[in-house]
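Text of the file input.txt, holding compact mmCIF, C-alpha atoms:
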```txt
# COMPACT_ATOMS: atom_id res chain seq x y z
CA MET P 187 16.63 46.11 -6.98
CA GLU P 188 13.61 45.56 -4.72
CA LEU P 189 13.08 43.14 -1.87
CA ARG P 190 9.99 41.85 -3.68
CA GLN P 191 12.15 40.88 -6.65
CA LEU P 192 14.55 39.00 -4.39
CA GLU P 193 11.66 37.23 -2.64
CA HIS P 194 10.34 36.08 -6.02
CA PHE P 195 13.82 35.03 -7.12
CA LEU P 196 14.37 33.04 -3.92
CA ALA P 197 11.03 31.26 -4.27
CA VAL P 198 11.76 30.20 -7.85
CA ALA P 199 15.33 29.18 -6.94
CA GLU P 200 14.12 26.97 -4.09
CA GLU P 201 11.12 25.50 -5.87
CA LEU P 202 12.75 25.31 -9.33
CA SER P 203 9.28 25.99 -10.70
CA PHE P 204 7.51 29.26 -11.49
CA THR P 205 4.16 27.58 -10.81
CA ARG P 206 5.11 26.32 -7.35
CA ALA P 207 6.82 29.63 -6.53
CA ALA P 208 3.64 31.54 -7.42
CA ARG P 209 1.59 29.18 -5.24
CA ARG P 210 4.03 29.65 -2.35
CA LEU P 211 3.95 33.45 -2.69
CA HIS P 212 0.16 33.55 -3.21
CA VAL P 213 0.48 35.53 -6.43
CA VAL P 214 -0.29 34.78 -10.08
CA GLN P 215 2.46 33.10 -12.08
CA SER P 216 2.69 36.00 -14.53
CA GLY P 217 3.61 38.26 -11.59
CA VAL P 218 6.51 35.98 -10.64
CA SER P 219 7.73 35.85 -14.25
CA ALA P 220 7.53 39.63 -14.54
CA ALA P 221 9.52 40.14 -11.33
CA ILE P 222 12.26 37.76 -12.51
CA ARG P 223 12.48 39.42 -15.94
CA SER P 224 12.73 42.83 -14.29
CA LEU P 225 15.50 41.61 -11.98
CA GLU P 226 17.38 40.06 -14.91
CA ARG P 227 17.17 43.36 -16.83
CA GLU P 228 18.53 45.29 -13.86
CA LEU P 229 21.41 42.85 -13.38
CA GLY P 230 22.07 42.45 -17.09
CA CYS P 231 22.16 38.66 -17.00
CA THR P 232 19.99 35.57 -17.11
CA LEU P 233 19.29 34.01 -13.71
CA PHE P 234 17.38 30.90 -14.80
CA GLU P 235 17.55 28.48 -17.68
CA ARG P 236 13.96 27.76 -18.65
CA THR P 237 12.77 24.85 -20.76
CA SER P 238 9.40 23.13 -21.07
CA GLN P 239 10.74 20.39 -18.80
CA GLN P 240 12.66 22.19 -16.05
CA VAL P 241 13.94 25.40 -14.48
CA ARG P 242 17.60 25.62 -13.45
CA LEU P 243 19.79 28.32 -11.94
CA THR P 244 22.47 29.75 -14.21
CA GLY P 245 25.92 30.47 -12.85
CA ALA P 246 24.85 34.05 -12.19
CA GLY P 247 21.70 32.84 -10.45
CA ALA P 248 23.70 30.50 -8.21
CA ALA P 249 26.01 33.41 -7.29
CA LEU P 250 23.04 35.60 -6.43
CA LEU P 251 21.27 33.01 -4.28
CA PRO P 252 23.30 33.33 -1.02
CA GLU P 253 23.39 37.12 -1.36
CA ALA P 254 19.63 37.24 -1.86
CA ARG P 255 19.11 35.14 1.26
CA ALA P 256 21.46 37.36 3.26
CA THR P 257 19.69 40.52 2.08
CA LEU P 258 16.25 39.16 2.94
CA HIS P 259 17.53 38.00 6.35
CA ALA P 260 18.88 41.49 7.00
CA ALA P 261 15.56 43.04 6.02
CA GLN P 262 13.75 40.62 8.32
CA ALA P 263 16.10 41.55 11.16
CA ALA P 264 15.27 45.23 10.64
CA GLN P 265 11.55 44.46 10.82
CA ASP P 266 12.09 42.35 13.93
CA ALA P 267 13.88 45.20 15.68
CA VAL P 268 10.95 47.54 15.06
CA ARG P 269 8.36 44.97 16.11
CA ALA P 270 10.31 44.09 19.25
CA ALA P 271 10.25 47.76 20.20
CA GLN P 272 6.46 47.61 19.83
CA ASP P 273 6.26 44.41 21.92
CA THR P 274 4.78 42.51 18.97
CA LEU P 275 6.69 39.50 17.75
CA ARG P 276 6.04 38.50 14.16
CA GLY P 277 7.95 36.62 11.50
CA THR P 278 8.47 33.10 10.24
CA VAL P 279 10.52 30.27 11.74
CA ASN P 280 11.44 27.34 9.51
CA VAL P 281 11.92 24.28 11.73
CA GLY P 282 13.41 20.96 10.65
CA ALA P 283 13.26 17.68 12.53
CA MET P 284 13.43 13.96 12.04
CA ALA P 285 10.18 11.99 12.04
CA SER P 286 11.14 10.41 15.39
CA VAL P 287 12.46 13.33 17.43
CA GLU P 288 11.94 11.58 20.81
CA VAL P 289 14.29 13.88 22.72
CA VAL P 290 12.05 16.95 22.41
CA ASP P 291 8.27 17.21 22.75
CA LEU P 292 8.02 19.14 19.49
CA PRO P 293 4.22 19.58 19.40
CA ALA P 294 4.26 20.99 22.94
CA LEU P 295 7.17 23.31 22.09
CA LEU P 296 5.49 24.70 18.99
CA GLY P 297 2.18 24.91 20.83
CA GLN P 298 3.68 27.03 23.61
CA LEU P 299 5.37 29.28 21.06
CA HIS P 300 2.04 29.79 19.29
CA ALA P 301 0.25 30.50 22.56
CA ARG P 302 2.80 33.15 23.51
CA HIS P 303 3.33 34.66 20.07
CA PRO P 304 0.36 33.87 17.80
CA ALA P 305 1.68 36.18 15.07
CA ILE P 306 4.77 33.99 14.53
CA ASP P 307 4.32 31.69 11.56
CA VAL P 308 5.97 28.28 12.10
CA ARG P 309 6.82 26.09 9.13
CA LEU P 310 7.79 22.52 10.03
CA ARG P 311 9.69 20.16 7.74
CA LEU P 312 10.23 16.52 8.70
CA ALA P 313 13.45 15.16 7.22
CA THR P 314 13.38 12.63 4.42
CA THR P 315 17.18 12.49 4.18
CA GLY P 316 18.08 12.38 7.86
CA SER P 317 20.39 14.68 9.75
CA ALA P 318 22.61 15.17 6.71
CA GLY P 319 19.68 16.69 4.83
CA LEU P 320 18.73 18.88 7.77
CA ALA P 321 22.31 20.15 8.10
CA HIS P 322 22.40 20.99 4.39
CA ALA P 323 19.09 22.88 4.69
CA LEU P 324 20.47 24.85 7.66
CA LEU P 325 23.58 25.81 5.72
CA SER P 326 21.60 26.83 2.64
CA GLY P 327 19.17 28.94 4.64
CA ASP P 328 16.11 26.78 3.95
CA LEU P 329 15.84 26.11 7.69
CA ASP P 330 16.34 28.44 10.65
CA VAL P 331 16.65 25.70 13.27
CA ALA P 332 16.83 21.91 13.23
CA PHE P 333 16.68 19.07 15.71
CA LEU P 334 19.27 16.67 14.36
CA SER P 335 22.05 14.26 15.19
CA LEU P 336 25.50 15.45 14.19
CA PRO P 337 28.77 13.51 13.92
CA GLU P 338 31.72 14.21 16.17
CA HIS P 339 32.86 17.10 13.97
CA LYS P 340 29.93 19.35 13.16
CA PRO P 341 29.85 21.04 9.73
CA ALA P 342 31.34 24.52 9.47
CA GLY P 343 28.60 27.11 9.53
CA ILE P 344 26.43 25.33 12.09
CA ASP P 345 26.16 26.02 15.81
CA ALA P 346 25.03 22.88 17.61
CA ARG P 347 24.03 22.40 21.23
CA GLU P 348 23.66 18.88 22.58
CA LEU P 349 20.23 18.27 24.05
CA ALA P 350 20.63 14.63 25.08
CA THR P 351 22.84 11.58 24.59
CA VAL P 352 21.50 8.04 24.78
CA PRO P 353 23.20 4.64 24.45
CA LEU P 354 22.66 2.48 21.38
CA VAL P 355 22.22 -1.16 22.37
CA LEU P 356 22.32 -4.31 20.27
CA VAL P 357 18.96 -6.06 20.16
CA VAL P 358 17.88 -9.39 18.68
CA ASN P 359 14.63 -11.33 18.61
CA ALA P 360 14.18 -13.28 21.86
CA ALA P 361 14.27 -16.53 19.84
CA HIS P 362 17.45 -15.61 17.93
CA PRO P 363 20.42 -18.00 18.50
CA LEU P 364 22.54 -15.06 19.68
CA ALA P 365 20.08 -14.45 22.51
CA GLN P 366 21.62 -17.43 24.31
CA ARG P 367 24.94 -15.61 24.56
CA GLY P 368 25.71 -13.00 27.14
CA GLU P 369 28.22 -11.08 25.04
CA VAL P 370 29.28 -10.88 21.40
CA ALA P 371 31.94 -9.07 19.37
CA LEU P 372 31.28 -6.98 16.28
CA ALA P 373 33.07 -9.65 14.23
CA ASP P 374 30.40 -12.16 15.33
CA LEU P 375 27.75 -10.05 13.59
CA ALA P 376 29.22 -9.94 10.07
CA ALA P 377 26.82 -12.54 8.68
CA GLU P 378 23.71 -11.15 10.36
CA PRO P 379 21.08 -9.08 8.47
CA PHE P 380 20.76 -5.65 10.08
CA VAL P 381 17.81 -3.33 10.42
CA ASP P 382 19.00 0.27 10.39
CA PHE P 383 18.20 3.82 9.38
CA PRO P 384 19.12 4.93 5.84
CA PRO P 385 22.50 6.64 5.22
CA GLY P 386 22.45 10.27 6.35
CA TYR P 387 20.87 9.58 9.75
CA GLY P 388 23.02 10.16 12.81
CA ASN P 389 22.51 6.79 14.49
CA ARG P 390 23.34 4.99 11.22
CA GLU P 391 26.60 6.93 11.02
CA VAL P 392 27.53 5.98 14.60
CA VAL P 393 27.08 2.28 13.87
CA ASP P 394 28.78 2.44 10.45
CA ARG P 395 31.82 4.09 12.03
CA ALA P 396 32.07 1.43 14.72
CA PHE P 397 32.08 -1.41 12.19
CA ALA P 398 34.53 0.42 9.92
CA ALA P 399 36.90 0.99 12.85
CA ALA P 400 36.71 -2.72 13.70
CA GLY P 401 37.35 -3.70 10.08
CA VAL P 402 34.07 -5.61 9.92
CA VAL P 403 31.73 -5.48 6.93
CA ARG P 404 28.08 -5.83 7.88
CA ARG P 405 24.94 -6.25 5.78
CA VAL P 406 22.05 -3.82 6.19
CA ALA P 407 19.03 -5.71 4.88
CA LEU P 408 16.24 -3.34 5.88
CA GLU P 409 16.37 0.47 6.04
CA VAL P 410 13.58 2.32 7.84
CA PRO P 411 13.56 5.95 9.07
CA ASP P 412 11.54 5.15 12.19
CA ILE P 413 12.77 3.78 15.51
CA ASP P 414 9.61 1.90 16.47
CA MET P 415 9.32 0.32 13.03
CA GLY P 416 12.93 -0.86 13.31
CA ALA P 417 12.25 -2.37 16.73
CA ALA P 418 9.16 -4.13 15.42
CA LEU P 419 11.09 -5.63 12.49
CA VAL P 420 13.67 -7.03 14.91
CA ARG P 421 10.92 -8.39 17.15
CA HIS P 422 9.50 -10.31 14.20
CA GLY P 423 12.87 -11.87 13.40
CA LEU P 424 13.74 -9.91 10.25
CA GLY P 425 17.15 -8.77 11.47
CA ILE P 426 19.14 -7.41 14.38
CA ALA P 427 19.78 -3.76 15.19
CA PHE P 428 21.50 -1.16 17.30
CA LEU P 429 18.65 0.90 18.75
CA PRO P 430 18.35 3.67 21.36
CA ALA P 431 17.85 2.10 24.76
CA PHE P 432 14.56 3.94 25.33
CA ALA P 433 13.03 2.22 22.27
CA VAL P 434 13.93 -1.22 23.60
CA ALA P 435 12.17 -0.61 26.90
CA ARG P 436 8.81 -0.07 25.16
CA THR P 437 9.07 -2.95 22.67
CA PRO P 438 8.38 -6.47 23.98
CA GLY P 439 10.10 -9.53 22.59
CA LEU P 440 13.58 -8.03 22.26
CA HIS P 441 16.75 -9.33 23.87
CA VAL P 442 19.67 -6.97 24.59
CA LEU P 443 23.23 -8.21 24.07
CA ASP P 444 26.46 -6.73 25.37
CA VAL P 445 29.04 -6.02 22.65
CA HIS P 446 32.60 -6.64 23.78
CA GLY P 447 34.73 -3.49 23.78
CA THR P 448 32.02 -1.37 22.14
CA ARG P 449 29.95 1.40 23.71
CA LEU P 450 27.90 3.31 21.16
CA ARG P 451 26.11 6.57 21.95
CA TRP P 452 23.75 8.69 19.88
CA SER P 453 23.22 12.40 20.50
CA MET P 454 20.47 14.82 19.54
CA HIS P 455 21.47 18.44 18.90
CA LEU P 456 19.76 21.78 18.45
CA GLY P 457 21.29 23.27 15.30
CA THR P 458 21.25 26.85 14.03
CA SER P 459 23.31 28.82 11.55
CA SER P 460 26.52 30.32 12.87
CA THR P 461 26.66 32.83 10.01
CA ARG P 462 23.16 34.35 10.18
CA ARG P 463 21.86 36.43 13.06
CA PRO P 464 18.77 34.77 14.55
CA SER P 465 15.51 36.65 14.12
CA SER P 466 13.42 37.66 17.12
CA ALA P 467 10.94 34.93 16.21
CA LEU P 468 13.68 32.30 16.20
CA ARG P 469 15.05 33.54 19.52
CA ALA P 470 11.57 33.21 21.02
CA LEU P 471 11.50 29.54 19.99
CA LEU P 472 15.05 28.88 21.21
CA ASP P 473 14.18 30.32 24.61
CA LEU P 474 11.52 27.61 25.06
CA VAL P 475 13.42 24.52 23.90
CA ASP P 476 14.93 23.42 27.22
CA ARG P 477 11.48 23.28 28.82
CA HIS P 478 10.44 20.56 26.40
CA VAL P 479 13.49 18.28 26.44
CA ILE P 480 12.31 14.82 27.48
CA ALA P 481 14.21 12.87 30.13
CA LEU P 482 14.83 9.52 28.46
```

Exercise: express the given structure as structure tokens:
Amino acid sequence: MELRQLEHFLAVAEELSFTRAARRLHVVQSGVSAAIRSLERELGCTLFERTSQQVRLTGAGAALLPEARATLHAAQAAQDAVRAAQDTLRGTVNVGAMASVEVVDLPALLGQLHARHPAIDVRLRLATTGSAGLAHALLSGDLDVAFLSLPEHKPAGIDARELATVPLVLVVNAAHPLAQRGEVALADLAAEPFVDFPPGYGNREVVDRAFAAAGVVRRVALEVPDIDMGAALVRHGLGIAFLPAFAVARTPGLHVLDVHGTRLRWSMHLGTSSTRRPSSALRALLDLVDRHVIAL
């Protein structure tokens, strides 16, 4: 079994397409197919179910996937050790983040990493499924590090360090009837249309838990994965929302209400795998993170 075969297997397993895997590896598709057939012969089993419509992992392929990742990580670690001894950092760092990171100046962080270590290849993925999707990608090995919001009990297999915690405040349009009141209870909001992030995002989970604990059912009318868009929808009277306090300060036309007996807080974390040893390239990025945390 060769590392090249495992690299080809991993690409096909993650892309679920021989064509996309070949494009990702910068090789011809016939080369990917040949590597997979050779690996299947060596293992004596079929790793993929292939039809004209789709490619799927077999049970044997699913069993091989985490072992293939671990083997390739170990090989990368060996290369890193040699390169570190030569004072040349190389490698790839797969970074995940939400579209609105806010807490970290991500472009500046990645820019400084590139300036210091131009041979490190950074691959950035912005989440389409929120923190839940980022956590899953960390656990599966698709990501090396992620900037995400985790619930009170972080998933097993993830090391998370809190970078910042900010209050979530209830905001309404300045012309909304509730704006005339100084304080409301969660029960007063049951009939209101809410603007919120989709399920899977950390701030959505914080608010959902608060309403569930109070035994109040609310209605989320508009789901948007962007803080400023959410604030703008509230400003135009399309709903009310719990938003990070820093977003309210930069959006005119919003009125903040106190919520009786409720103090909601949203945290941003730096997440890495607790089961895989970080590469030298990843450690170089982690060493720079604190310099780019934004004081909100």

Closest of P:Asp412, P:Glu200, P:Asp476, P:Asp345 to Leu312 of chain P - atom-to-atom distances counting all atoms listed in the file: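 So, comparing all the options, the nearest one is P:Asp412.
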
Test item: which residues lie within 12 Å of (8.2, 38.6, 18.4) counting all atoms listed in the file, as a PyMOL selection string: chain P and resi 262-263+265-279+299-300+302-307+464-471+473

What is the distance between atom CA of Leu354 of chain P and atom CA of Arg451 of chain P, in Å to one decimal? 5.4 Å

Here is a test: counting all atoms listed in the file, which residue of P:Ala261, P:Ala371, P:Leu450, P:Val358 is nearest to Gly388 of chain P? P:Leu450

Pick the closest to Gly447 of chain P from P:Val214, P:Ala313, P:Ala396, P:Val241: which is it, counting only C-alpha atoms? P:Ala396

List the residues sitting within 8 Å of (22.4, 23.8, 15.1) in the file's frame, using only C-alpha atoms, as JSON, numbers by chain. {"P": [321, 324, 331, 332, 333, 334, 344, 345, 346, 347, 455, 456, 457, 458, 459]}

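Summary of the local environment: counting only C-alpha atoms, residues at most 6 Å from segment 222-235 of chain P, other than itself and those fewer than 5 positions away along its chain, are P:Val241, P:Arg242, P:Leu243, P:Thr244, P:Ala246, P:Gly247.
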
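Candidate residues P:His322, P:Arg449, P:His362, P:Arg462 were compared for distance to Val393 of chain P, and the nearest is P:Arg449, using all atoms listed in the file.
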